[in-house]
$ cat structure_21.cif   # mmCIF, C-alpha atoms and all ligand atoms
data_query
loop_
_atom_site.label_atom_id
_atom_site.label_comp_id
_atom_site.auth_asym_id
_atom_site.auth_seq_id
_atom_site.Cartn_x
_atom_site.Cartn_y
_atom_site.Cartn_z
CA MET A 12 19.56 -9.92 -18.01
CA LYS A 13 16.47 -10.57 -15.96
CA LEU A 14 15.99 -9.72 -12.28
CA LEU A 15 13.32 -10.89 -9.87
CA ILE A 16 12.22 -8.07 -7.57
CA LEU A 17 10.91 -9.99 -4.60
CA ASN A 18 9.03 -8.38 -1.73
CA GLY A 19 8.01 -10.14 1.45
CA VAL A 20 5.61 -9.71 4.27
CA ASN A 21 3.70 -6.40 4.61
CA LEU A 22 5.45 -4.78 1.65
CA ASN A 23 2.08 -4.75 -0.13
CA ARG A 24 1.16 -2.09 2.47
CA THR A 25 3.90 0.27 1.28
CA GLY A 26 2.50 3.77 0.82
CA LEU A 27 -0.23 3.06 3.35
CA ARG A 28 1.68 1.90 6.42
CA GLU A 29 4.06 4.10 8.43
CA PRO A 30 4.51 6.74 5.69
CA GLY A 31 7.11 8.52 7.83
CA VAL A 32 9.30 5.42 7.53
CA TYR A 33 8.42 3.96 4.13
CA GLY A 34 7.09 6.98 2.20
CA THR A 35 3.76 7.50 0.47
CA GLN A 36 4.38 5.76 -2.82
CA THR A 37 2.72 2.38 -3.23
CA LEU A 38 4.67 -0.75 -4.08
CA GLU A 39 3.10 -0.57 -7.54
CA ASP A 40 4.46 3.01 -7.98
CA ILE A 41 7.90 1.90 -6.83
CA ASN A 42 7.86 -1.18 -9.06
CA ARG A 43 7.04 1.03 -12.06
CA GLU A 44 10.10 3.17 -11.29
CA ILE A 45 12.28 0.10 -10.84
CA ALA A 46 11.13 -1.29 -14.21
CA ALA A 47 11.96 1.99 -16.00
CA PHE A 48 15.34 2.31 -14.23
CA ALA A 49 16.25 -1.29 -15.07
CA LYS A 50 15.11 -1.01 -18.69
CA LYS A 51 17.59 1.84 -19.27
CA ARG A 52 20.30 -0.61 -18.22
CA GLY A 53 19.02 -3.40 -20.46
CA ILE A 54 17.57 -5.31 -17.53
CA ASP A 55 14.09 -6.88 -17.50
CA CYS A 56 12.27 -7.20 -14.20
CA GLU A 57 9.72 -9.62 -12.85
CA PHE A 58 7.87 -8.55 -9.70
CA PHE A 59 6.48 -10.77 -6.97
CA GLN A 60 5.21 -10.01 -3.48
CA SER A 61 3.89 -12.41 -0.88
CA ASN A 62 3.05 -12.35 2.81
CA LEU A 63 3.70 -16.09 2.97
CA GLU A 64 7.16 -17.34 3.85
CA GLY A 65 6.83 -20.61 1.91
CA GLU A 66 5.68 -18.83 -1.24
CA LEU A 67 8.78 -16.64 -1.15
CA CYS A 68 10.97 -19.73 -0.70
CA THR A 69 9.30 -21.47 -3.65
CA LYS A 70 9.72 -18.38 -5.82
CA ILE A 71 13.43 -18.33 -4.98
CA HIS A 72 13.73 -22.04 -5.87
CA GLU A 73 11.87 -21.76 -9.15
CA THR A 74 12.92 -18.41 -10.61
CA ASP A 75 14.75 -18.35 -13.92
CA ALA A 76 16.03 -14.81 -13.22
CA ASP A 77 19.76 -14.05 -13.27
CA GLY A 78 19.53 -12.30 -9.90
CA ILE A 79 17.12 -11.44 -7.12
CA VAL A 80 16.56 -8.12 -5.35
CA LEU A 81 14.91 -9.10 -2.08
CA ASN A 82 13.16 -7.04 0.55
CA ALA A 83 12.03 -9.77 2.89
CA GLY A 84 10.41 -7.35 5.36
CA ALA A 85 10.27 -8.70 8.90
CA PHE A 86 11.18 -12.20 7.66
CA THR A 87 14.70 -10.77 7.34
CA HIS A 88 15.10 -10.86 11.07
CA TYR A 89 14.07 -14.44 11.84
CA SER A 90 13.32 -16.60 8.81
CA TYR A 91 15.82 -19.44 8.68
CA ALA A 92 13.61 -20.95 5.96
CA LEU A 93 14.24 -17.95 3.71
CA ARG A 94 17.94 -18.04 4.58
CA ASP A 95 18.16 -21.70 3.58
CA ALA A 96 16.14 -21.08 0.39
CA ILE A 97 18.66 -18.41 -0.68
CA ALA A 98 21.56 -20.72 0.15
CA SER A 99 19.94 -23.55 -1.84
CA VAL A 100 20.15 -21.78 -5.21
CA PRO A 101 23.07 -20.37 -7.22
CA THR A 102 21.12 -17.19 -8.07
CA PRO A 103 22.75 -14.12 -6.49
CA VAL A 104 20.50 -12.24 -4.08
CA VAL A 105 20.89 -8.61 -3.01
CA GLU A 106 19.13 -7.81 0.27
CA VAL A 107 17.24 -4.51 0.36
CA HIS A 108 15.61 -2.41 3.06
CA MET A 109 14.02 0.98 2.52
CA SER A 110 14.66 2.08 6.08
CA ASN A 111 17.96 2.15 7.96
CA VAL A 112 17.19 -0.88 10.08
CA HIS A 113 20.25 -0.20 12.26
CA ALA A 114 18.75 3.09 13.41
CA ARG A 115 15.51 1.39 14.47
CA GLU A 116 14.40 -1.18 17.09
CA GLU A 117 17.01 -3.68 18.19
CA PHE A 118 15.23 -6.70 16.67
CA ARG A 119 15.77 -5.10 13.25
CA HIS A 120 19.55 -4.99 13.73
CA THR A 121 19.81 -8.72 13.03
CA SER A 122 19.47 -10.13 9.53
CA VAL A 123 19.56 -13.91 9.25
CA ILE A 124 19.79 -13.64 5.45
CA SER A 125 22.71 -11.19 5.01
CA ALA A 126 25.37 -13.89 5.21
CA VAL A 127 23.94 -15.76 2.21
CA CYS A 128 23.30 -12.63 0.13
CA ARG A 129 25.76 -11.03 -2.27
CA GLY A 130 25.33 -7.68 -0.54
CA THR A 131 22.90 -5.41 1.23
CA VAL A 132 21.49 -1.97 0.38
CA LEU A 133 19.55 -0.18 3.11
CA GLY A 134 18.38 3.19 4.28
CA PHE A 135 17.76 4.93 0.95
CA GLY A 136 14.00 4.58 0.76
CA LYS A 137 12.78 3.34 -2.63
CA ASN A 138 16.24 4.14 -4.00
CA SER A 139 17.55 1.12 -2.11
CA TYR A 140 15.85 -1.00 -4.78
CA LEU A 141 17.36 1.08 -7.59
CA LEU A 142 20.86 0.83 -6.10
CA ALA A 143 20.44 -2.94 -5.80
CA VAL A 144 19.39 -3.15 -9.47
CA GLU A 145 22.38 -0.97 -10.38
CA SER A 146 24.69 -3.42 -8.61
CA PHE A 147 23.75 -6.04 -11.22
CA ALA A 148 24.60 -3.59 -14.04
CA LEU A 149 28.19 -2.93 -12.84
C1 LIG A 201 12.02 -3.28 5.91
C2 LIG A 201 12.57 -3.24 7.34
C3 LIG A 201 12.01 -4.38 8.16
O1 LIG A 201 12.52 -4.32 9.48
C4 LIG A 201 10.50 -4.29 8.24
O2 LIG A 201 9.99 -5.38 8.95
C5 LIG A 201 9.86 -4.15 6.90
C6 LIG A 201 10.50 -3.30 5.90
C7 LIG A 201 12.46 -2.05 5.09
O3 LIG A 201 12.27 -2.05 3.88
O4 LIG A 201 12.98 -1.08 5.66
O5 LIG A 201 8.78 -4.68 6.67
O6 LIG A 201 12.51 -4.43 5.27
#

$ encode --input "structure_21.cif" --output "structure tokens"
Amino acid sequence: MKLLILNGVNLNRTGLREPGVYGTQTLEDINREIAAFAKKRGIDCEFFQSNLEGELCTKIHETDADGIVLNAGAFTHYSYALRDAIASVPTPVVEVHMSNVHAREEFRHTSVISAVCRGTVLGFGKNSYLLAVESFAL
């Protein structure tokens, strides 16, 4: 099985931005842990990050992965384009957030992508990604 670990806008700043919220590990560090965790479950991972909404949509359209673990960042809260891209493919998508978005500002309480995702994992820091990967191994 192959998973696409897809990160959206500002996730390239992980480890540098708001460490109290997102921790001090970089996205590269986290991706390394995800790859090792997935490998133990016989899952291969491809990693892609972009700050551009259209690039994320195209990646969703074109991936040959069996599933997608998606942290869309702030696009989660307002990108109908991303929502429609997810709905346009049969590939299952699990939505991920490191922080507990429901315990934060009100604009973060809305996800326009949740309804077209298989499920959501949030609030467990980098472990949110691992739990999402695990969901594909069950
Ligand atoms: C985030 C939560 C979003 O509200 C925020 O815009 C992010 C990161 C998270 O992982 O907790 O960029 O998706």

$ residues_near_ligand --input "structure_21.cif" --ligand "ligand LIG 201 (chain A)" --cutoff "6 Å" --atoms "only C-alpha atoms and all ligand atoms" --output "ChimeraX atom specification"
/A:21,82-85,108-110,112,119

$ atom_distance --input "structure_21.cif" --atom1 "CA of Ile71 (chain A)" --atom2 "CA of Pro30 (chain A)"
28.7 Å

$ residues_around --input "structure_21.cif" --residues "Gly19 (chain A)" --least-positions-apart "5" --cutoff "12 Å" --atoms "all atoms listed in the file" --output "compact mmCIF listing (two decimals) with C-alpha atoms, in the frame of the given file"
# COMPACT_ATOMS: atom_id res chain seq x y z
CA ARG A 24 1.16 -2.09 2.47
CA THR A 25 3.90 0.27 1.28
CA LEU A 38 4.67 -0.75 -4.08
CA PHE A 58 7.87 -8.55 -9.70
CA PHE A 59 6.48 -10.77 -6.97
CA GLN A 60 5.21 -10.01 -3.48
CA SER A 61 3.89 -12.41 -0.88
CA ASN A 62 3.05 -12.35 2.81
CA LEU A 63 3.70 -16.09 2.97
CA GLU A 64 7.16 -17.34 3.85
CA GLY A 65 6.83 -20.61 1.91
CA GLU A 66 5.68 -18.83 -1.24
CA LEU A 67 8.78 -16.64 -1.15
CA CYS A 68 10.97 -19.73 -0.70
CA LYS A 70 9.72 -18.38 -5.82
CA ILE A 71 13.43 -18.33 -4.98
CA VAL A 80 16.56 -8.12 -5.35
CA LEU A 81 14.91 -9.10 -2.08
CA ASN A 82 13.16 -7.04 0.55
CA ALA A 83 12.03 -9.77 2.89
CA GLY A 84 10.41 -7.35 5.36
CA ALA A 85 10.27 -8.70 8.90
CA PHE A 86 11.18 -12.20 7.66
CA THR A 87 14.70 -10.77 7.34
CA HIS A 88 15.10 -10.86 11.07
CA SER A 90 13.32 -16.60 8.81
CA LEU A 93 14.24 -17.95 3.71
CA GLU A 106 19.13 -7.81 0.27
CA VAL A 107 17.24 -4.51 0.36
CA HIS A 108 15.61 -2.41 3.06

$ atom_distance --input "structure_21.cif" --atom1 "CA of Glu39 (chain A)" --atom2 "CA of Ser99 (chain A)"
29.1 Å

$ closest_residue --input "structure_21.cif" --among "A:Gly130, A:Asp55, A:Val100, A:Phe147" --to "Arg43 (chain A)" --atoms "all atoms listed in the file"
A:Asp55

$ atom_distance --input "structure_21.cif" --atom1 "CA of Ala46 (chain A)" --atom2 "CA of Gly34 (chain A)"
18.8 Å

$ residues_around --input "structure_21.cif" --residues "Met12 (chain A)" --least-positions-apart "4" --cutoff "8 Å" --atoms "only C-alpha atoms" --output "PyMOL selection string"
chain A and resi 53-55+76-77

$ decode --input "structure_21.cif" --residues "region 72-90 of chain A" --atoms "N, CA, C and O atoms" --output "mmCIF file, in the first residue's frame"
data_model
loop_
_atom_site.group_PDB
_atom_site.id
_atom_site.type_symbol
_atom_site.label_atom_id
_atom_site.label_comp_id
_atom_site.auth_asym_id
_atom_site.auth_seq_id
_atom_site.Cartn_x
_atom_site.Cartn_y
_atom_site.Cartn_z
ATOM 1 N N HIS A 72 -5.607 15.081 -7.713
ATOM 2 C CA HIS A 72 -6.119 14.504 -8.968
ATOM 3 C C HIS A 72 -5.194 13.435 -9.514
ATOM 4 O O HIS A 72 -5.646 12.428 -10.049
ATOM 5 N N GLU A 73 -3.888 13.687 -9.418
ATOM 6 C CA GLU A 73 -2.933 12.875 -10.174
ATOM 7 C C GLU A 73 -2.271 11.761 -9.386
ATOM 8 O O GLU A 73 -1.577 10.927 -9.959
ATOM 9 N N THR A 74 -2.462 11.725 -8.060
ATOM 10 C CA THR A 74 -1.746 10.722 -7.270
ATOM 11 C C THR A 74 -2.174 9.295 -7.629
ATOM 12 O O THR A 74 -3.334 9.048 -7.961
ATOM 13 N N ASP A 75 -1.183 8.400 -7.552
ATOM 14 C CA ASP A 75 -1.504 6.980 -7.748
ATOM 15 C C ASP A 75 -1.510 6.258 -6.389
ATOM 16 O O ASP A 75 -1.520 5.032 -6.328
ATOM 17 N N ALA A 76 -1.501 7.036 -5.292
ATOM 18 C CA ALA A 76 -1.503 6.438 -3.950
ATOM 19 C C ALA A 76 -2.863 5.790 -3.663
ATOM 20 O O ALA A 76 -3.874 6.134 -4.275
ATOM 21 N N ASP A 77 -2.852 4.864 -2.706
ATOM 22 C CA ASP A 77 -4.095 4.186 -2.314
ATOM 23 C C ASP A 77 -4.903 5.026 -1.322
ATOM 24 O O ASP A 77 -6.076 4.748 -1.069
ATOM 25 N N GLY A 78 -4.243 6.011 -0.711
ATOM 26 C CA GLY A 78 -4.925 6.866 0.249
ATOM 27 C C GLY A 78 -4.108 8.121 0.469
ATOM 28 O O GLY A 78 -2.913 8.172 0.153
ATOM 29 N N ILE A 79 -4.767 9.130 1.010
ATOM 30 C CA ILE A 79 -4.111 10.418 1.262
ATOM 31 C C ILE A 79 -4.320 10.809 2.717
ATOM 32 O O ILE A 79 -5.438 10.719 3.238
ATOM 33 N N VAL A 80 -3.224 11.215 3.362
ATOM 34 C CA VAL A 80 -3.283 11.822 4.700
ATOM 35 C C VAL A 80 -3.049 13.309 4.467
ATOM 36 O O VAL A 80 -1.988 13.702 3.974
ATOM 37 N N LEU A 81 -4.044 14.125 4.758
ATOM 38 C CA LEU A 81 -4.004 15.532 4.358
ATOM 39 C C LEU A 81 -4.109 16.478 5.534
ATOM 40 O O LEU A 81 -5.108 16.481 6.271
ATOM 41 N N ASN A 82 -3.060 17.282 5.730
ATOM 42 C CA ASN A 82 -3.164 18.445 6.595
ATOM 43 C C ASN A 82 -3.174 19.660 5.676
ATOM 44 O O ASN A 82 -2.127 20.066 5.158
ATOM 45 N N ALA A 83 -4.341 20.200 5.472
ATOM 46 C CA ALA A 83 -4.487 21.293 4.504
ATOM 47 C C ALA A 83 -4.143 22.652 5.109
ATOM 48 O O ALA A 83 -4.196 23.668 4.411
ATOM 49 N N GLY A 84 -3.815 22.676 6.410
ATOM 50 C CA GLY A 84 -3.532 23.964 7.050
ATOM 51 C C GLY A 84 -4.770 24.840 6.986
ATOM 52 O O GLY A 84 -5.904 24.348 7.043
ATOM 53 N N ALA A 85 -4.570 26.134 6.838
ATOM 54 C CA ALA A 85 -5.701 27.072 6.848
ATOM 55 C C ALA A 85 -6.668 26.860 5.682
ATOM 56 O O ALA A 85 -7.841 27.251 5.768
ATOM 57 N N PHE A 86 -6.207 26.209 4.598
ATOM 58 C CA PHE A 86 -7.126 25.912 3.485
ATOM 59 C C PHE A 86 -8.323 25.082 3.956
ATOM 60 O O PHE A 86 -9.398 25.143 3.374
ATOM 61 N N THR A 87 -8.096 24.305 5.013
ATOM 62 C CA THR A 87 -9.164 23.491 5.604
ATOM 63 C C THR A 87 -10.436 24.293 5.827
ATOM 64 O O THR A 87 -11.541 23.789 5.641
ATOM 65 N N HIS A 88 -10.240 25.531 6.245
ATOM 66 C CA HIS A 88 -11.364 26.304 6.755
ATOM 67 C C HIS A 88 -12.158 27.047 5.673
ATOM 68 O O HIS A 88 -13.248 27.522 5.940
ATOM 69 N N TYR A 89 -11.586 27.116 4.447
ATOM 70 C CA TYR A 89 -12.314 27.900 3.432
ATOM 71 C C TYR A 89 -12.112 27.462 1.992
ATOM 72 O O TYR A 89 -12.702 28.064 1.095
ATOM 73 N N SER A 90 -11.326 26.418 1.745
ATOM 74 C CA SER A 90 -11.038 26.094 0.340
ATOM 75 C C SER A 90 -12.067 25.129 -0.254
ATOM 76 O O SER A 90 -11.959 23.907 -0.128
#
